[in-house]
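To be precise, the following lines are structure-v4.cif, and they hold mmCIF, C-alpha atoms and all ligand atoms.
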```cif
data_start
loop_
_atom_site.label_atom_id
_atom_site.label_comp_id
_atom_site.auth_asym_id
_atom_site.auth_seq_id
_atom_site.Cartn_x
_atom_site.Cartn_y
_atom_site.Cartn_z
CA MET A 1 164.99 55.87 127.53
CA ARG A 2 163.24 52.53 128.04
CA VAL A 3 159.49 52.47 127.35
CA LEU A 4 156.86 49.84 127.98
CA LEU A 5 154.04 50.19 125.47
CA SER A 6 150.64 48.55 125.89
CA ASN A 7 147.04 49.17 124.85
CA ASP A 8 143.54 47.72 125.02
CA ASP A 9 142.91 47.45 121.28
CA GLY A 10 145.18 44.42 120.99
CA ILE A 11 148.65 43.59 119.69
CA LEU A 12 147.59 44.16 116.04
CA ALA A 13 146.13 47.64 116.57
CA GLU A 14 147.38 50.34 114.24
CA GLY A 15 147.48 52.93 117.03
CA LEU A 16 149.96 50.76 118.94
CA HIS A 17 152.34 50.31 116.00
CA VAL A 18 152.28 53.90 114.76
CA LEU A 19 153.27 54.91 118.29
CA ARG A 20 155.83 52.09 118.57
CA ARG A 21 157.61 53.20 115.40
CA LYS A 22 157.66 56.86 116.51
CA LEU A 23 158.93 56.04 120.01
CA ALA A 24 161.63 53.78 118.56
CA GLU A 25 163.30 56.98 117.27
CA ILE A 26 163.96 58.12 120.84
CA ALA A 27 163.65 55.03 123.05
CA GLU A 28 164.11 51.32 123.52
CA VAL A 29 160.50 50.12 123.15
CA TYR A 30 159.05 46.96 124.70
CA VAL A 31 155.49 46.02 123.73
CA VAL A 32 153.27 43.87 125.92
CA ALA A 33 149.67 43.96 124.75
CA PRO A 34 146.52 41.82 124.83
CA ASP A 35 146.31 39.17 122.08
CA ARG A 36 142.89 40.59 121.07
CA GLU A 37 140.86 43.71 121.61
CA ARG A 38 139.99 44.20 125.28
CA SER A 39 138.42 47.67 125.22
CA ALA A 40 136.16 48.65 128.14
CA CYS A 41 137.45 45.89 130.43
CA GLY A 42 138.50 48.44 133.06
CA HIS A 43 141.17 47.42 135.55
CA SER A 44 140.27 43.74 135.70
CA ILE A 45 143.02 41.17 136.14
CA THR A 46 143.09 37.42 135.46
CA VAL A 47 143.44 35.24 138.53
CA HIS A 48 141.45 32.07 137.75
CA ARG A 49 143.39 30.75 134.75
CA PRO A 50 147.03 30.81 133.62
CA LEU A 51 148.37 33.67 131.55
CA ARG A 52 150.58 33.07 128.53
CA ALA A 53 152.90 35.64 127.00
CA GLN A 54 153.74 34.75 123.42
CA GLN A 55 156.72 36.51 121.84
CA VAL A 56 155.68 38.07 118.54
CA THR A 57 157.77 38.21 115.38
CA LEU A 58 157.40 41.42 113.38
CA ASP A 59 158.92 42.04 109.94
CA GLY A 60 160.78 38.73 110.32
CA VAL A 61 162.42 39.88 113.55
CA ALA A 62 161.50 38.54 116.97
CA GLY A 63 161.10 41.89 118.66
CA PRO A 64 160.60 42.65 122.29
CA LEU A 65 156.86 42.20 121.70
CA TRP A 66 154.60 39.93 123.66
CA ALA A 67 150.94 39.06 123.09
CA VAL A 68 149.21 38.13 126.35
CA ASN A 69 145.92 36.26 126.71
CA GLY A 70 144.79 38.69 129.37
CA THR A 71 143.70 42.24 130.07
CA PRO A 72 145.68 45.47 129.69
CA ALA A 73 146.31 45.53 133.46
CA ASP A 74 147.58 41.90 133.23
CA CYS A 75 149.96 42.95 130.45
CA VAL A 76 151.56 45.75 132.46
CA LYS A 77 151.77 43.61 135.61
CA LEU A 78 153.50 40.80 133.66
CA ALA A 79 155.79 43.25 131.89
CA LEU A 80 156.95 44.94 135.09
CA GLU A 81 157.37 41.79 137.15
CA ALA A 82 158.34 39.08 134.67
CA LEU A 83 159.00 40.01 131.04
CA LEU A 84 161.16 43.12 130.88
CA PRO A 85 164.86 42.69 131.68
CA GLU A 86 164.86 46.01 133.56
CA PRO A 87 162.15 48.38 134.76
CA PRO A 88 161.02 50.90 132.14
CA ASP A 89 161.35 54.67 132.56
CA LEU A 90 157.82 55.14 131.25
CA VAL A 91 154.66 53.11 130.70
CA ILE A 92 152.55 54.25 127.76
CA SER A 93 149.12 52.93 126.82
CA GLY A 94 147.65 53.67 123.41
CA ILE A 95 147.06 55.15 121.04
CA ASN A 96 143.41 54.29 121.57
CA LEU A 97 140.96 55.00 118.74
CA GLY A 98 138.29 56.70 120.82
CA ALA A 99 138.49 59.28 123.60
CA ASN A 100 138.74 58.36 127.28
CA LEU A 101 137.19 61.27 129.15
CA GLY A 102 135.58 61.90 132.50
CA THR A 103 133.75 58.93 134.01
CA ASP A 104 134.74 56.77 131.04
CA VAL A 105 138.23 56.40 132.53
CA LEU A 106 136.74 53.98 135.06
CA TYR A 107 135.77 51.55 132.29
CA SER A 108 138.76 52.18 130.05
CA GLY A 109 141.33 49.46 129.44
CA THR A 110 143.65 52.10 127.95
CA VAL A 111 143.64 54.17 131.13
CA SER A 112 143.83 51.07 133.33
CA ALA A 113 147.04 49.88 131.66
CA ALA A 114 148.63 53.24 132.43
CA MET A 115 147.15 53.15 135.95
CA GLU A 116 148.83 49.78 136.50
CA GLY A 117 152.11 51.42 135.52
CA ALA A 118 151.48 54.23 138.02
CA ILE A 119 150.69 51.69 140.76
CA GLY A 120 154.02 50.06 139.90
CA GLY A 121 155.74 53.39 140.53
CA VAL A 122 156.55 54.14 136.88
CA PRO A 123 155.48 57.47 135.33
CA SER A 124 152.68 56.58 132.94
CA LEU A 125 150.70 58.02 130.06
CA ALA A 126 147.37 56.95 128.59
CA VAL A 127 146.89 58.32 125.07
CA SER A 128 143.56 58.38 123.24
CA LEU A 129 142.38 59.95 120.01
CA ASP A 130 138.77 61.17 119.79
CA SER A 131 138.44 59.60 116.36
CA THR A 132 138.66 56.38 114.37
CA ASP A 133 140.52 58.25 111.58
CA THR A 134 143.91 56.54 111.47
CA THR A 135 145.43 59.37 109.38
CA LEU A 136 145.47 61.40 112.62
CA LEU A 137 147.66 58.80 114.38
CA PRO A 138 151.12 60.03 113.23
CA PHE A 139 150.53 63.48 114.73
CA ALA A 140 149.18 61.95 117.96
CA ALA A 141 152.29 59.73 118.09
CA ALA A 142 154.61 62.69 117.54
CA PHE A 143 152.91 64.65 120.33
CA THR A 144 153.21 61.60 122.61
CA ALA A 145 156.94 61.30 121.89
CA PHE A 146 157.37 65.01 122.71
CA LEU A 147 155.42 64.50 125.95
CA CYS A 148 157.59 61.51 126.93
CA GLU A 149 160.69 63.67 126.71
CA GLN A 150 159.01 66.38 128.78
CA VAL A 151 157.92 63.93 131.49
CA LEU A 152 161.37 62.40 131.75
CA SER A 153 163.31 65.66 131.75
CA ARG A 154 160.97 67.57 134.08
CA GLY A 155 159.72 64.68 136.23
CA VAL A 156 156.24 64.05 137.62
CA ARG A 157 154.97 63.09 141.06
CA PRO A 158 155.38 59.37 141.65
CA TYR A 159 152.29 57.16 141.35
CA THR A 160 150.50 59.50 138.97
CA LEU A 161 149.54 59.13 135.35
CA LEU A 162 148.75 61.59 132.61
CA ASN A 163 145.55 60.93 130.71
CA VAL A 164 146.01 62.44 127.25
CA ASN A 165 143.16 62.93 124.76
CA LEU A 166 143.59 64.40 121.29
CA PRO A 167 140.67 66.00 119.43
CA ASN A 168 139.23 64.76 116.15
CA LEU A 169 140.94 67.50 114.13
CA PRO A 170 143.78 67.82 111.65
CA PRO A 171 146.90 69.15 113.41
CA ALA A 172 146.59 72.66 111.92
CA GLN A 173 143.15 73.10 113.50
CA ILE A 174 144.06 72.06 117.04
CA LYS A 175 143.49 75.05 119.33
CA GLY A 176 146.06 74.30 122.02
CA VAL A 177 146.88 72.10 124.99
CA ALA A 178 144.70 72.29 128.12
CA ILE A 179 145.62 70.94 131.56
CA THR A 180 142.29 69.62 132.79
CA SER A 181 140.36 67.80 135.49
CA LEU A 182 138.14 64.79 134.90
CA GLY A 183 134.69 65.87 133.74
CA TRP A 184 131.54 63.88 133.47
CA ARG A 185 130.58 61.85 130.48
CA ARG A 186 127.07 60.57 130.87
CA TYR A 187 125.03 58.48 128.50
CA GLU A 188 121.36 58.50 127.63
CA LYS A 189 119.49 55.36 126.66
CA ALA A 190 122.58 53.38 127.62
CA VAL A 191 120.86 49.98 127.51
CA HIS A 192 119.06 48.78 124.39
CA ARG A 193 116.64 45.88 124.76
CA ARG A 194 116.10 43.66 121.73
CA GLU A 195 114.80 40.19 121.00
CA ASP A 196 116.72 37.26 119.60
CA PRO A 197 115.24 35.01 116.85
CA ARG A 198 113.71 32.81 119.59
CA GLY A 199 111.89 35.73 121.16
CA ARG A 200 114.12 36.00 124.21
CA PRO A 201 115.35 39.43 125.27
CA TYR A 202 118.98 40.49 125.05
CA TYR A 203 120.68 43.78 125.79
CA TRP A 204 123.35 46.02 124.29
CA ILE A 205 125.10 48.69 126.31
CA ALA A 206 125.61 51.47 123.76
CA GLY A 207 124.35 54.86 124.88
CA GLU A 208 124.26 58.28 123.33
CA ILE A 209 126.77 60.64 124.88
CA ARG A 210 125.40 63.58 126.85
CA ASP A 211 128.52 65.55 127.79
CA ASP A 212 128.57 68.16 130.53
CA TYR A 213 130.50 70.96 128.92
CA GLY A 214 129.56 73.23 131.80
CA LEU A 215 132.34 71.93 134.04
CA ASP A 216 135.03 74.54 133.71
CA GLY A 217 138.47 73.16 133.04
CA SER A 218 137.30 69.61 132.38
CA ASP A 219 138.73 67.21 129.82
CA VAL A 220 135.33 67.03 128.14
CA ALA A 221 135.23 70.82 127.73
CA ALA A 222 138.80 70.91 126.36
CA LEU A 223 138.06 68.38 123.62
CA ALA A 224 134.83 70.21 122.74
CA ALA A 225 136.94 73.38 122.34
CA GLY A 226 139.28 71.59 119.93
CA LYS A 227 142.17 71.29 122.38
CA ILE A 228 144.44 68.47 123.44
CA SER A 229 143.54 67.54 127.04
CA LEU A 230 146.06 66.44 129.68
CA THR A 231 144.59 65.27 132.99
CA PRO A 232 146.95 64.25 135.81
CA MET A 233 145.34 61.29 137.59
CA HIS A 234 145.87 59.24 140.73
CA PHE A 235 144.33 55.98 141.94
CA ASP A 236 143.32 57.61 145.24
CA LEU A 237 139.56 57.98 144.79
CA THR A 238 139.03 59.22 148.36
CA ASP A 239 136.59 62.11 148.65
CA TYR A 240 138.59 64.25 151.09
CA ARG A 241 135.74 66.75 151.43
CA LEU A 242 133.66 64.06 153.13
CA VAL A 243 136.38 62.75 155.45
CA GLU A 244 136.04 65.58 158.00
CA GLN A 245 132.24 65.46 157.93
CA LEU A 246 132.15 61.70 158.53
CA LYS A 247 134.51 62.06 161.51
CA THR A 248 131.90 64.25 163.23
CA TRP A 249 129.40 61.37 163.09
CA GLU A 250 131.45 59.57 165.79
CA LEU A 251 130.38 56.18 164.48
CA GLY A 252 132.79 54.43 166.88
CA ALA A 253 130.39 55.14 169.74
CA TRP A 254 128.18 52.36 168.41
CA LEU A 255 130.87 49.82 169.32
CA GLY A 256 130.53 50.42 173.08
CA PRO A 257 127.23 48.64 173.71
CA HIS A 258 127.56 46.31 170.72
CA ARG A 259 131.02 44.78 171.24
CA ARG A 260 129.47 42.16 173.55
CA VAL A 261 127.25 40.83 170.77
CA SER A 262 129.98 39.95 168.32
CA ASN A 263 131.77 37.14 170.18
CA GLY A 264 129.58 36.50 173.23
CA ARG A 265 132.40 37.50 175.59
CA PRO A 266 132.45 40.63 177.71
CA PRO A 267 134.26 43.57 176.14
CA VAL A 268 137.70 44.50 177.42
CA GLU A 269 136.32 47.75 178.72
CA ASP A 270 132.71 48.79 178.87
CA SER A 271 133.12 52.47 178.09
CA PRO A 272 130.73 54.07 175.58
CA GLY A 273 133.55 53.74 173.07
CA GLU A 274 135.88 56.20 171.44
CA PRO A 275 135.50 57.35 167.86
CA LEU A 276 137.57 55.12 165.61
CA ALA A 277 140.97 56.57 164.85
MN MN B 1 140.28 50.55 123.04
#
```

Mind turning this structure into structure tokens?
Amino acid sequence: MRVLLSNDDGILAEGLHVLRRKLAEIAEVYVVAPDRERSACGHSITVHRPLRAQQVTLDGVAGPLWAVNGTPADCVKLALEALLPEPPDLVISGINLGANLGTDVLYSGTVSAAMEGAIGGVPSLAVSLDSTDTTLLPFAAAFTAFLCEQVLSRGVRPYTLLNVNLPNLPPAQIKGVAITSLGWRRYEKAVHRREDPRGRPYYWIAGEIRDDYGLDGSDVAALAAGKISLTPMHFDLTDYRLVEQLKTWELGAWLGPHRRVSNGRPPVEDSPGEPLA
């Protein structure tokens, strides 16, 4: 098994190395991670300056580890297209210290690294722990290693990722594993306004979580119930419920009388226009 490991907490993060050591028992592990913490940078990529991938020496050995001066999505893109000698069987992002649930996945660098793996056609996992307690990392790493073997032996649909969140509980108190959908994680008082020493305003985004536990089967509800949450995810954000409704609006009819305006030339045909295919 060949695994690409990345994260958004940076190449020095404990969650990355606890997982790296555990995965090394069952896989050939390549690490490509940001050279500093890049949490909450979403799926951004670097296109206006050069990227450098510096090979990192660990315990006196130059391992297959690279520190990249870019985002988590940059790291996975570079790994898949330039750094790894062969494509990995799995892309894993984590272990993040802090949950990535519901709407937070849109801002998450952890989830975005795994999403980049999924876009690249490699089965991918994002793994987050709903805690900053590093003593919980070994169990989270062991569960991740177990999950890797399951994914590879059973297979998953291409271009999907599994978003894994572990609760802030000692292993003996975990209530089970729930297969979930994305819930909502909303924040109250998300923007704090303060004043700097010169009297000018500045702002912090740091809200108080107001979870919606009411959504049955959501990742948020699973964590609140003390369970490990597994959400299969895809980058297709289309709202299919709205597709059929929008087709009935027949917006293409507008083109008939308005085609003439766009280039000053007569339209090819002057029919009222067909709905766009
Ligand atoms: Mn992070």

Nearest-residue call for Ser39 in chain A, choices A:Pro197, A:Pro88, A:Pro158, A:Gly98, using only C-alpha atoms
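Checking each candidate against Ser39 in chain A, we get A:Gly98 as the closest.
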
Padded axis-aligned box of range 171-182 of chain A (3 Å per side), centre and edge lengths, Å, one decimal, as JSON:
```
{"center_x": 142.5, "center_y": 69.9, "center_z": 123.7, "size_x": 14.8, "size_y": 16.3, "size_z": 29.6}
```

ask   = If you count only C-alpha atoms and all ligand atoms, which residues end up within 6 Å of ligand MN 1 (chain B), as a VMD selection string?
value = chain A and resid 8 to 9 39 96

Fewer than 4 positions away in the same chain doesn't count, so skip those; otherwise give me all residues within 7 Å of Gly94 in chain A, counting all atoms listed in the file, as a PyMOL selection string. chain A and resi 6-7+15-16+110+126-128

Using only C-alpha atoms for the distances, tell me which of A:Leu78, A:Ile45, A:Ala145, A:Leu136 is nearest to Gly109 in chain A.
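The answer is A:Ile45, which sits nearest to Gly109 in chain A.
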
Could you tell me which of A:Leu215, A:Ala53, A:Leu83, A:Cys41 comes closest to Ser112 in chain A if we count only C-alpha atoms?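 Ranking A:Leu215, A:Ala53, A:Leu83, A:Cys41 by distance to Ser112 in chain A, first place goes to A:Cys41.
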
What separates CA of Asp130 in chain A and CA of Pro170 in chain A is a distance of 11.6 Å

Restricting the calculation to all atoms listed in the file: of A:Ser108, A:Ser93, A:Thr103, A:Gln150, which residue gets closest to His17 in chain A?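 Closest residue, counting all atoms listed in the file: A:Ser93.
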
(request) Go through A:Asp133, A:Asp196, A:Asp104, A:Asp239 and flag the residue nearest Val220 in chain A, using all atoms listed in the file for the distances. (result)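 Under the stated criterion, the closest residue is A:Asp104.
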
Checklist entry - Near Val18 in chain A, counting all atoms listed in the file, which residues have an atom at most 10 Å away, once you skip same-chain residues fewer than 6 positions from it, shown as a ChimeraX atom specification? => result /A:94-95,134,137-142

Using only C-alpha atoms, the shortest atom-to-atom distance to Pro232 in chain A among A:Leu182, A:Ala172, A:Ile205, A:Leu152 belongs to A:Leu182

Long-range neighbours of Ser218 in chain A as JSON, numbers by chain, 9 Å cut-off, all atoms listed in the file, 3 positions minimum in chain | {"A": [101, 102, 178, 179, 180, 181, 182, 183, 184, 213, 214, 215, 221, 222, 223, 229, 231]}

Do you have the CA of Glu14 in chain A-CA of Gly226 in chain A distance handy?
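Those two atoms sit 23.4 Å apart.
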
re CA of Asp236 in chain A and CA of Val164 in chain A: distance 18.8 Å

inquiry  = Please return as number ranges by chain every residue within 12 Å of (144.1, 32.0, 125.3), taking into account only C-alpha atoms and the file's own coordinates.
reply    = A: 34-36, 46, 49-54, 67-71

With all heavy atoms as the target, complete range 118-129 of chain A and hand it back as an mmCIF file, keeping the file's coordinate frame.
```cif
data_model
loop_
_atom_site.group_PDB
_atom_site.id
_atom_site.type_symbol
_atom_site.label_atom_id
_atom_site.label_comp_id
_atom_site.auth_asym_id
_atom_site.auth_seq_id
_atom_site.Cartn_x
_atom_site.Cartn_y
_atom_site.Cartn_z
ATOM 1 N N ALA A 118 151.359 53.266 136.910
ATOM 2 C CA ALA A 118 151.480 54.230 138.020
ATOM 3 C C ALA A 118 151.515 53.498 139.354
ATOM 4 O O ALA A 118 152.304 53.846 140.242
ATOM 5 C CB ALA A 118 150.310 55.217 137.969
ATOM 6 N N ILE A 119 150.682 52.473 139.518
ATOM 7 C CA ILE A 119 150.690 51.690 140.760
ATOM 8 C C ILE A 119 152.057 51.040 140.954
ATOM 9 O O ILE A 119 152.548 50.922 142.071
ATOM 10 C CB ILE A 119 149.568 50.606 140.717
ATOM 11 C CG1 ILE A 119 148.192 51.273 140.775
ATOM 12 C CG2 ILE A 119 149.721 49.598 141.853
ATOM 13 C CD1 ILE A 119 147.026 50.324 140.481
ATOM 14 N N GLY A 120 152.685 50.642 139.847
ATOM 15 C CA GLY A 120 154.020 50.060 139.900
ATOM 16 C C GLY A 120 155.133 51.075 140.108
ATOM 17 O O GLY A 120 156.307 50.718 140.119
ATOM 18 N N GLY A 121 154.755 52.350 140.231
ATOM 19 C CA GLY A 121 155.740 53.390 140.530
ATOM 20 C C GLY A 121 156.442 53.944 139.310
ATOM 21 O O GLY A 121 157.444 54.648 139.434
ATOM 22 N N VAL A 122 155.922 53.647 138.119
ATOM 23 C CA VAL A 122 156.550 54.140 136.880
ATOM 24 C C VAL A 122 155.681 55.270 136.324
ATOM 25 O O VAL A 122 154.463 55.106 136.216
ATOM 26 C CB VAL A 122 156.655 53.002 135.834
ATOM 27 C CG1 VAL A 122 157.377 53.495 134.591
ATOM 28 C CG2 VAL A 122 157.353 51.788 136.428
ATOM 29 N N PRO A 123 156.279 56.417 135.959
ATOM 30 C CA PRO A 123 155.480 57.470 135.330
ATOM 31 C C PRO A 123 154.769 56.917 134.105
ATOM 32 O O PRO A 123 155.388 56.212 133.306
ATOM 33 C CB PRO A 123 156.518 58.524 134.920
ATOM 34 C CG PRO A 123 157.720 58.244 135.755
ATOM 35 C CD PRO A 123 157.704 56.766 136.053
ATOM 36 N N SER A 124 153.484 57.236 133.977
ATOM 37 C CA SER A 124 152.680 56.580 132.940
ATOM 38 C C SER A 124 151.797 57.547 132.189
ATOM 39 O O SER A 124 151.346 58.542 132.744
ATOM 40 C CB SER A 124 151.808 55.484 133.593
ATOM 41 O OG SER A 124 152.612 54.524 134.227
ATOM 42 N N LEU A 125 151.566 57.208 130.923
ATOM 43 C CA LEU A 125 150.700 58.020 130.060
ATOM 44 C C LEU A 125 149.658 57.112 129.421
ATOM 45 O O LEU A 125 149.995 56.033 128.931
ATOM 46 C CB LEU A 125 151.495 58.640 128.915
ATOM 47 C CG LEU A 125 152.250 59.949 129.095
ATOM 48 C CD1 LEU A 125 153.516 59.694 129.882
ATOM 49 C CD2 LEU A 125 152.597 60.511 127.736
ATOM 50 N N ALA A 126 148.406 57.575 129.401
ATOM 51 C CA ALA A 126 147.370 56.950 128.590
ATOM 52 C C ALA A 126 147.062 57.919 127.457
ATOM 53 O O ALA A 126 146.842 59.104 127.707
ATOM 54 C CB ALA A 126 146.124 56.682 129.413
ATOM 55 N N VAL A 127 147.074 57.423 126.217
ATOM 56 C CA VAL A 127 146.890 58.320 125.070
ATOM 57 C C VAL A 127 145.721 57.834 124.219
ATOM 58 O O VAL A 127 145.699 56.676 123.784
ATOM 59 C CB VAL A 127 148.168 58.387 124.201
ATOM 60 C CG1 VAL A 127 147.998 59.417 123.092
ATOM 61 C CG2 VAL A 127 149.392 58.706 125.056
ATOM 62 N N SER A 128 144.758 58.721 124.013
ATOM 63 C CA SER A 128 143.560 58.380 123.240
ATOM 64 C C SER A 128 143.271 59.471 122.230
ATOM 65 O O SER A 128 143.493 60.653 122.491
ATOM 66 C CB SER A 128 142.346 58.230 124.168
ATOM 67 O OG SER A 128 142.610 57.312 125.212
ATOM 68 N N LEU A 129 142.737 59.034 121.090
ATOM 69 C CA LEU A 129 142.380 59.950 120.010
ATOM 70 C C LEU A 129 140.860 59.916 119.879
ATOM 71 O O LEU A 129 140.267 58.836 119.820
ATOM 72 C CB LEU A 129 143.050 59.445 118.724
ATOM 73 C CG LEU A 129 142.836 60.181 117.419
ATOM 74 C CD1 LEU A 129 143.330 61.621 117.511
ATOM 75 C CD2 LEU A 129 143.567 59.440 116.294
#
```
